[in-house]
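Chemist: Shown below is the structure under consideration.
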Amino acid sequence: MANTQQTKALALREFHEKGILVLPNAWDAGSAALIAQGGAKAIATTSGGVSWSAGKPDQQALTRDEMVALVRRIADAVEVPVTADIEGGYGLAPEDVAATVTAVIEAGVVGVNLEDSKLDGTLFTAEEQAARIRAAREAAERAGLPELVINLRTDVFLFGIGAPEGRAADVLARAAVYAQAGADSLFVPGLLDLAVIAELVEGQPLPVNVMAGPGAPTVAEFEAAGVRRVSLGTAVAQAAYSLARRAAAELVTEGTYEELTGALDFGAVNSSFSR
């Protein structure tokens, strides 16, 4: 394991220890380079955006090998730490998760997002997910990167699992199990209520990550509630693809180019990349 990869993994860990880490998620090498140029201290991939860049839908429509190849390009394009969205681990079994973690580490990644939901919308039990987390941690150790940051995504709020009044308690119970199994941080997408977020921050040991976007509290408000990491999921990729469709529709139907106003010029974009 290259010392530079270990250094990046340690840096990613440190970013969770104080202040708040903000991650505008990337979906290909070009977006990663420009996001890093915009000041991001680390790059997080978005599984949806990575899949869309290959012309596939989200939710593990890519094979493991296809995903790893695309993530490798992202890791190669930037100097900052890269954490990869590996969705549900590309398989249900702990061995599947281990194989995926091994592959993305070899591709240059120093962190992963691992979900506790299945493709059918149900969740693994906390104990089942704990076995998958342990497999990820053991795979990282075998690969020579025990510092790998495992950001455990729980989909209790995102998928509306259980009665609303019991969801925070469910997440707290899961977080305790996940922390003991080797998770490094807790990702709770679908939750924007600052009071509930503060309850989760106080009630379990892991740094809390939330997913934000238009209409969400500000980064400063999340930080005041104790959040240590804010990511945008597919939002930036959605905005980029939306612009492409709007610009195309305007050109085809109106013959005008107003949607392209304000874009970076050719030189600014081209100079963001090296041969």
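Each chain in the structure tokens gets a letter, A, B and so on, in the order shown; residues start at 1 in every chain, and ligands are counted from 1 in the order they appear.
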Might you pull out every residue within 10 Å of Pro205 in chain A, with only C-alpha atoms counted and same-chain residues fewer than 2 positions away left off, and present them as a ChimeraX atom specification?

Modeler: /A:172,175-176,179-180,184-186,200-203,207-208

Chemist: Pick out the residues sitting within 8 Å of Ser117 in chain A, and hand them over as a ChimeraX atom specification; count only C-alpha atoms, and ignore anything fewer than 2 positions along from it in its own chain.

Modeler: /A:88,115,119,121-124,154-155

Chemist: Any chance you could export the current selection's C-alpha atoms as a compact mmCIF listing (two decimals), in the first residue's frame?

Modeler:
# COMPACT_ATOMS: atom_id res chain seq x y z
CA GLY A 88 -24.99 -2.02 -1.02
CA GLU A 115 -25.74 1.13 2.62
CA LEU A 119 -32.45 -3.42 -3.75
CA GLY A 121 -36.19 -1.43 -0.34
CA THR A 122 -35.95 -3.48 2.85
CA LEU A 123 -33.11 -3.14 5.34
CA PHE A 124 -30.62 -5.64 6.60
CA THR A 154 -28.65 3.87 7.05
CA ASP A 155 -31.82 4.28 4.99

Chemist: Hey, which of A:Thr7, A:Ser51, A:Asn270, A:Thr46 ends up closest to Asn25 in chain A? Count only C-alpha atoms.

Modeler: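 So, comparing all the options, the nearest one is A:Thr46.
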
Chemist: With DSSP run on the backbone, what are the strand (DSSP E) residues within range 87-248 of chain A? I'd like them as a list in words.

Modeler: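 Checking each residue of range 87-248 of chain A, the strand (DSSP E) ones are Gly111, Val112, Asn113, Leu114, Glu115, Val149, Ile150, Asn151, Leu152, Arg153, Ser185, Leu186, Phe187, Val208, Asn209, Val210, Met211, Arg229, Val230 and Ser231 of chain A.
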
Chemist: With C-alpha atoms retained, export the selected residues as a PDB file, in the first residue's frame.

Modeler:
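Printed below is result_31.pdb as written:
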ATOM      1  CA  GLY A 111     -13.163   5.737   1.987  1.00  0.00           C
ATOM      2  CA  VAL A 112     -16.467   4.081   1.145  1.00  0.00           C
ATOM      3  CA  ASN A 113     -20.184   4.601   1.625  1.00  0.00           C
ATOM      4  CA  LEU A 114     -21.926   1.327   2.450  1.00  0.00           C
ATOM      5  CA  GLU A 115     -25.735   1.125   2.621  1.00  0.00           C
ATOM      6  CA  VAL A 149     -13.041   5.383   6.288  1.00  0.00           C
ATOM      7  CA  ILE A 150     -16.324   3.440   6.310  1.00  0.00           C
ATOM      8  CA  ASN A 151     -19.268   5.831   6.122  1.00  0.00           C
ATOM      9  CA  LEU A 152     -22.236   3.648   6.984  1.00  0.00           C
ATOM     10  CA  ARG A 153     -25.428   4.805   5.300  1.00  0.00           C
ATOM     11  CA  SER A 185     -19.270   7.620  10.491  1.00  0.00           C
ATOM     12  CA  LEU A 186     -23.043   7.504  10.153  1.00  0.00           C
ATOM     13  CA  PHE A 187     -24.826   8.749   7.029  1.00  0.00           C
ATOM     14  CA  VAL A 208     -23.046  12.229  11.488  1.00  0.00           C
ATOM     15  CA  ASN A 209     -23.279  12.826   7.727  1.00  0.00           C
ATOM     16  CA  VAL A 210     -26.406  14.271   6.099  1.00  0.00           C
ATOM     17  CA  MET A 211     -27.456  14.737   2.485  1.00  0.00           C
ATOM     18  CA  ARG A 229     -20.153  15.946   7.048  1.00  0.00           C
ATOM     19  CA  VAL A 230     -22.560  17.262   4.408  1.00  0.00           C
ATOM     20  CA  SER A 231     -22.802  15.740   0.955  1.00  0.00           C
TER      21      SER A 231
END

Chemist: One number please: CA of Ile86 in chain A to CA of Glu141 in chain A, in Å, one decimal.

Modeler: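 Taking CA of Ile86 in chain A and CA of Glu141 in chain A, their separation equals 17.7 Å.
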
Chemist: Would you please work out which residue, of A:Leu10, A:Ala107, A:Ile35, A:Leu243, is nearest to Pro146 in chain A when using only C-alpha atoms?

Modeler: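 The answer is A:Leu10, which sits nearest to Pro146 in chain A.
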
Chemist: From a DSSP calculation on the backbone, collect every residue of range 25-260 of chain A in helix (DSSP H, G or I) and output the set as number ranges by chain.

Modeler: A: 29-37, 47-53, 64-77, 94-106, 126-142, 164-181, 194-203, 219-224, 235-254, 258-260

Chemist: So that I can check the surroundings of Val71 in chain A, please list as a list in words every protein, DNA and RNA residue that reaches within 9 Å of it, counting only C-alpha atoms and ignoring chain neighbours fewer than 5 positions away.

Modeler: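 The filter keeps Trp27, Asp28, Ala29, Thr45, Val50, Glu66, Asp76, Val82, Ala84, Val104, Ala107, Gly108 and Val109 of chain A.
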
Chemist: Taking into account only C-alpha atoms, which residue in the set A:Tyr178, A:Asp116, A:Ala183, A:Glu138 is nearest to Ile161 in chain A?

Modeler: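 Ranking A:Tyr178, A:Asp116, A:Ala183, A:Glu138 by distance to Ile161 in chain A, first place goes to A:Asp116.
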
Chemist: One decimal, Å: what's the distance from CA of Thr234 in chain A over to CA of Arg167 in chain A, could you say?

Modeler: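 CA of Arg167 in chain A lies at a distance of 24.0 Å from CA of Thr234 in chain A.
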
Chemist: Using only C-alpha atoms for the distances, tell me which of A:Ala216, A:Val156, A:Val80, A:Ala198 is nearest to Asp170 in chain A.

Modeler: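 Selected residue with least distance to Asp170 in chain A: A:Val156.
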
Chemist: Give me the residues near Thr218 in chain A as a PDB file with all heavy atoms, in the first residue's frame, where near means some atom within 12 Å (using only C-alpha atoms) and where sequence neighbours in that chain fewer than 3 positions away do not count.

Modeler:
ATOM      1  N   ILE A  20     -16.601  20.897   9.851  1.00  0.00           N
ATOM      2  CA  ILE A  20     -17.555  20.152   9.033  1.00  0.00           C
ATOM      3  C   ILE A  20     -16.968  19.959   7.634  1.00  0.00           C
ATOM      4  O   ILE A  20     -16.405  20.889   7.050  1.00  0.00           O
ATOM      5  CB  ILE A  20     -18.923  20.874   8.985  1.00  0.00           C
ATOM      6  CG1 ILE A  20     -19.977  20.001   8.325  1.00  0.00           C
ATOM      7  CG2 ILE A  20     -18.813  22.243   8.326  1.00  0.00           C
ATOM      8  CD1 ILE A  20     -21.401  20.500   8.586  1.00  0.00           C
ATOM      9  N   VAL A  22     -17.506  19.306   3.757  1.00  0.00           N
ATOM     10  CA  VAL A  22     -18.542  19.463   2.733  1.00  0.00           C
ATOM     11  C   VAL A  22     -18.072  18.776   1.459  1.00  0.00           C
ATOM     12  O   VAL A  22     -16.929  18.945   1.021  1.00  0.00           O
ATOM     13  CB  VAL A  22     -18.886  20.943   2.474  1.00  0.00           C
ATOM     14  CG1 VAL A  22     -19.604  21.533   3.681  1.00  0.00           C
ATOM     15  CG2 VAL A  22     -17.650  21.766   2.153  1.00  0.00           C
ATOM     16  N   LEU A 192     -33.682  15.928   7.492  1.00  0.00           N
ATOM     17  CA  LEU A 192     -33.277  17.337   7.484  1.00  0.00           C
ATOM     18  C   LEU A 192     -33.734  18.086   8.733  1.00  0.00           C
ATOM     19  O   LEU A 192     -33.433  19.266   8.888  1.00  0.00           O
ATOM     20  CB  LEU A 192     -33.838  18.038   6.234  1.00  0.00           C
ATOM     21  CG  LEU A 192     -33.335  17.505   4.890  1.00  0.00           C
ATOM     22  CD1 LEU A 192     -34.063  18.203   3.739  1.00  0.00           C
ATOM     23  CD2 LEU A 192     -31.827  17.694   4.750  1.00  0.00           C
ATOM     24  N   ASP A 193     -34.457  17.415   9.606  1.00  0.00           N
ATOM     25  CA  ASP A 193     -34.960  18.021  10.829  1.00  0.00           C
ATOM     26  C   ASP A 193     -33.793  18.217  11.799  1.00  0.00           C
ATOM     27  O   ASP A 193     -33.209  17.247  12.293  1.00  0.00           O
ATOM     28  CB  ASP A 193     -36.028  17.117  11.451  1.00  0.00           C
ATOM     29  CG  ASP A 193     -36.692  17.727  12.672  1.00  0.00           C
ATOM     30  OD1 ASP A 193     -35.987  18.243  13.556  1.00  0.00           O
ATOM     31  OD2 ASP A 193     -37.937  17.677  12.751  1.00  0.00           O
ATOM     32  N   LEU A 194     -33.438  19.475  12.062  1.00  0.00           N
ATOM     33  CA  LEU A 194     -32.251  19.760  12.861  1.00  0.00           C
ATOM     34  C   LEU A 194     -32.367  19.240  14.285  1.00  0.00           C
ATOM     35  O   LEU A 194     -31.371  18.819  14.881  1.00  0.00           O
ATOM     36  CB  LEU A 194     -31.980  21.261  12.868  1.00  0.00           C
ATOM     37  CG  LEU A 194     -31.564  21.867  11.520  1.00  0.00           C
ATOM     38  CD1 LEU A 194     -31.514  23.389  11.608  1.00  0.00           C
ATOM     39  CD2 LEU A 194     -30.206  21.316  11.076  1.00  0.00           C
ATOM     40  N   VAL A 210     -25.076  14.092   6.667  1.00  0.00           N
ATOM     41  CA  VAL A 210     -26.406  14.271   6.099  1.00  0.00           C
ATOM     42  C   VAL A 210     -26.294  14.603   4.618  1.00  0.00           C
ATOM     43  O   VAL A 210     -25.234  15.014   4.143  1.00  0.00           O
ATOM     44  CB  VAL A 210     -27.204  15.380   6.822  1.00  0.00           C
ATOM     45  CG1 VAL A 210     -27.428  15.024   8.281  1.00  0.00           C
ATOM     46  CG2 VAL A 210     -26.507  16.731   6.694  1.00  0.00           C
ATOM     47  N   MET A 211     -27.397  14.398   3.910  1.00  0.00           N
ATOM     48  CA  MET A 211     -27.456  14.737   2.485  1.00  0.00           C
ATOM     49  C   MET A 211     -28.315  15.979   2.316  1.00  0.00           C
ATOM     50  O   MET A 211     -29.475  15.999   2.742  1.00  0.00           O
ATOM     51  CB  MET A 211     -28.031  13.572   1.673  1.00  0.00           C
ATOM     52  CG  MET A 211     -28.018  13.817   0.170  1.00  0.00           C
ATOM     53  SD  MET A 211     -28.329  12.296  -0.772  1.00  0.00           S
ATOM     54  CE  MET A 211     -30.032  11.932  -0.298  1.00  0.00           C
ATOM     55  N   ALA A 212     -27.754  17.001   1.686  1.00  0.00           N
ATOM     56  CA  ALA A 212     -28.425  18.289   1.558  1.00  0.00           C
ATOM     57  C   ALA A 212     -28.743  18.587   0.103  1.00  0.00           C
ATOM     58  O   ALA A 212     -28.389  17.846  -0.806  1.00  0.00           O
ATOM     59  CB  ALA A 212     -27.550  19.391   2.153  1.00  0.00           C
ATOM     60  N   GLY A 213     -29.410  19.708  -0.093  1.00  0.00           N
ATOM     61  CA  GLY A 213     -29.785  20.167  -1.421  1.00  0.00           C
ATOM     62  C   GLY A 213     -30.715  21.348  -1.282  1.00  0.00           C
ATOM     63  O   GLY A 213     -30.920  21.875  -0.180  1.00  0.00           O
ATOM     64  N   PRO A 214     -31.304  21.804  -2.376  1.00  0.00           N
ATOM     65  CA  PRO A 214     -32.207  22.950  -2.311  1.00  0.00           C
ATOM     66  C   PRO A 214     -33.310  22.741  -1.272  1.00  0.00           C
ATOM     67  O   PRO A 214     -33.928  21.676  -1.210  1.00  0.00           O
ATOM     68  CB  PRO A 214     -32.790  23.004  -3.725  1.00  0.00           C
ATOM     69  CG  PRO A 214     -31.742  22.378  -4.584  1.00  0.00           C
ATOM     70  CD  PRO A 214     -31.150  21.284  -3.756  1.00  0.00           C
ATOM     71  N   GLY A 215     -33.502  23.747  -0.425  1.00  0.00           N
ATOM     72  CA  GLY A 215     -34.519  23.672   0.617  1.00  0.00           C
ATOM     73  C   GLY A 215     -34.027  23.114   1.938  1.00  0.00           C
ATOM     74  O   GLY A 215     -34.742  23.178   2.943  1.00  0.00           O
ATOM     75  N   GLU A 221     -26.027  25.784   9.679  1.00  0.00           N
ATOM     76  CA  GLU A 221     -27.079  25.254  10.562  1.00  0.00           C
ATOM     77  C   GLU A 221     -26.837  23.783  10.880  1.00  0.00           C
ATOM     78  O   GLU A 221     -27.033  23.343  12.017  1.00  0.00           O
ATOM     79  CB  GLU A 221     -28.446  25.450   9.910  1.00  0.00           C
ATOM     80  CG  GLU A 221     -28.889  26.903   9.875  1.00  0.00           C
ATOM     81  CD  GLU A 221     -30.123  27.128   9.024  1.00  0.00           C
ATOM     82  OE1 GLU A 221     -30.301  26.428   8.001  1.00  0.00           O
ATOM     83  OE2 GLU A 221     -30.926  28.025   9.383  1.00  0.00           O
ATOM     84  N   PHE A 222     -26.411  23.022   9.893  1.00  0.00           N
ATOM     85  CA  PHE A 222     -26.071  21.625  10.161  1.00  0.00           C
ATOM     86  C   PHE A 222     -24.921  21.532  11.155  1.00  0.00           C
ATOM     87  O   PHE A 222     -24.940  20.713  12.078  1.00  0.00           O
ATOM     88  CB  PHE A 222     -25.691  20.913   8.863  1.00  0.00           C
ATOM     89  CG  PHE A 222     -26.851  20.487   8.005  1.00  0.00           C
ATOM     90  CD1 PHE A 222     -26.878  20.792   6.651  1.00  0.00           C
ATOM     91  CD2 PHE A 222     -27.901  19.758   8.535  1.00  0.00           C
ATOM     92  CE1 PHE A 222     -27.930  20.377   5.842  1.00  0.00           C
ATOM     93  CE2 PHE A 222     -28.965  19.337   7.736  1.00  0.00           C
ATOM     94  CZ  PHE A 222     -28.978  19.664   6.390  1.00  0.00           C
ATOM     95  N   GLU A 223     -23.912  22.371  10.961  1.00  0.00           N
ATOM     96  CA  GLU A 223     -22.761  22.339  11.853  1.00  0.00           C
ATOM     97  C   GLU A 223     -23.167  22.671  13.280  1.00  0.00           C
ATOM     98  O   GLU A 223     -22.696  22.046  14.245  1.00  0.00           O
ATOM     99  CB  GLU A 223     -21.683  23.298  11.367  1.00  0.00           C
ATOM    100  CG  GLU A 223     -20.399  23.231  12.185  1.00  0.00           C
ATOM    101  CD  GLU A 223     -19.275  24.065  11.600  1.00  0.00           C
ATOM    102  OE1 GLU A 223     -19.532  24.902  10.714  1.00  0.00           O
ATOM    103  OE2 GLU A 223     -18.122  23.872  12.044  1.00  0.00           O
ATOM    104  N   ALA A 224     -24.056  23.632  13.443  1.00  0.00           N
ATOM    105  CA  ALA A 224     -24.528  24.001  14.780  1.00  0.00           C
ATOM    106  C   ALA A 224     -25.273  22.850  15.455  1.00  0.00           C
ATOM    107  O   ALA A 224     -25.282  22.740  16.685  1.00  0.00           O
ATOM    108  CB  ALA A 224     -25.434  25.231  14.694  1.00  0.00           C
ATOM    109  N   ALA A 225     -25.878  21.978  14.645  1.00  0.00           N
ATOM    110  CA  ALA A 225     -26.584  20.808  15.191  1.00  0.00           C
ATOM    111  C   ALA A 225     -25.633  19.653  15.476  1.00  0.00           C
ATOM    112  O   ALA A 225     -26.076  18.617  16.001  1.00  0.00           O
ATOM    113  CB  ALA A 225     -27.663  20.355  14.209  1.00  0.00           C
ATOM    114  N   VAL A 227     -23.497  18.198  13.070  1.00  0.00           N
ATOM    115  CA  VAL A 227     -23.150  17.409  11.887  1.00  0.00           C
ATOM    116  C   VAL A 227     -21.683  17.630  11.536  1.00  0.00           C
ATOM    117  O   VAL A 227     -21.177  18.745  11.614  1.00  0.00           O
ATOM    118  CB  VAL A 227     -24.066  17.800  10.704  1.00  0.00           C
ATOM    119  CG1 VAL A 227     -23.584  17.165   9.394  1.00  0.00           C
ATOM    120  CG2 VAL A 227     -25.502  17.393  10.996  1.00  0.00           C
ATOM    121  N   VAL A 230     -21.394  16.984   5.251  1.00  0.00           N
ATOM    122  CA  VAL A 230     -22.560  17.262   4.408  1.00  0.00           C
ATOM    123  C   VAL A 230     -22.202  16.919   2.972  1.00  0.00           C
ATOM    124  O   VAL A 230     -21.185  17.388   2.448  1.00  0.00           O
ATOM    125  CB  VAL A 230     -22.973  18.749   4.494  1.00  0.00           C
ATOM    126  CG1 VAL A 230     -24.124  19.044   3.529  1.00  0.00           C
ATOM    127  CG2 VAL A 230     -23.395  19.112   5.912  1.00  0.00           C
ATOM    128  N   SER A 231     -23.012  16.082   2.358  1.00  0.00           N
ATOM    129  CA  SER A 231     -22.802  15.740   0.955  1.00  0.00           C
ATOM    130  C   SER A 231     -24.071  16.048   0.170  1.00  0.00           C
ATOM    131  O   SER A 231     -25.133  16.286   0.747  1.00  0.00           O
ATOM    132  CB  SER A 231     -22.396  14.273   0.801  1.00  0.00           C
ATOM    133  OG  SER A 231     -23.286  13.413   1.482  1.00  0.00           O
TER     134      SER A 231
END

Chemist: Pick out the residues sitting within 9 Å of Ala99 in chain A, and hand them over as a VMD selection string; count only C-alpha atoms, and ignore anything fewer than 5 positions along from it in its own chain.

Modeler: chain A and resid 89 to 90 94 104 136 139

Chemist: Extract, using only C-alpha atoms, all DNA, RNA and protein residues at most 12 Å from Ala140 in chain A, discarding same-chain residues fewer than 5 positions from it, and format them as a PyMOL selection string.

Modeler: chain A and resi 1+6+9+97-106+109-112+133-135+145-150+182

Chemist: State, in Å with one decimal place, the distance from CA of Ala130 in chain A to CA of Ala181 in chain A.

Modeler: 5.3 Å

Chemist: Between A:Ser47, A:Asn3, A:Thr261, A:Ser53, which has the minimum distance to Gly30 in chain A (counting only C-alpha atoms)?

Modeler: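 Checking each of A:Ser47, A:Asn3, A:Thr261, A:Ser53 against Gly30 in chain A, counting only C-alpha atoms, the winner is A:Ser53.
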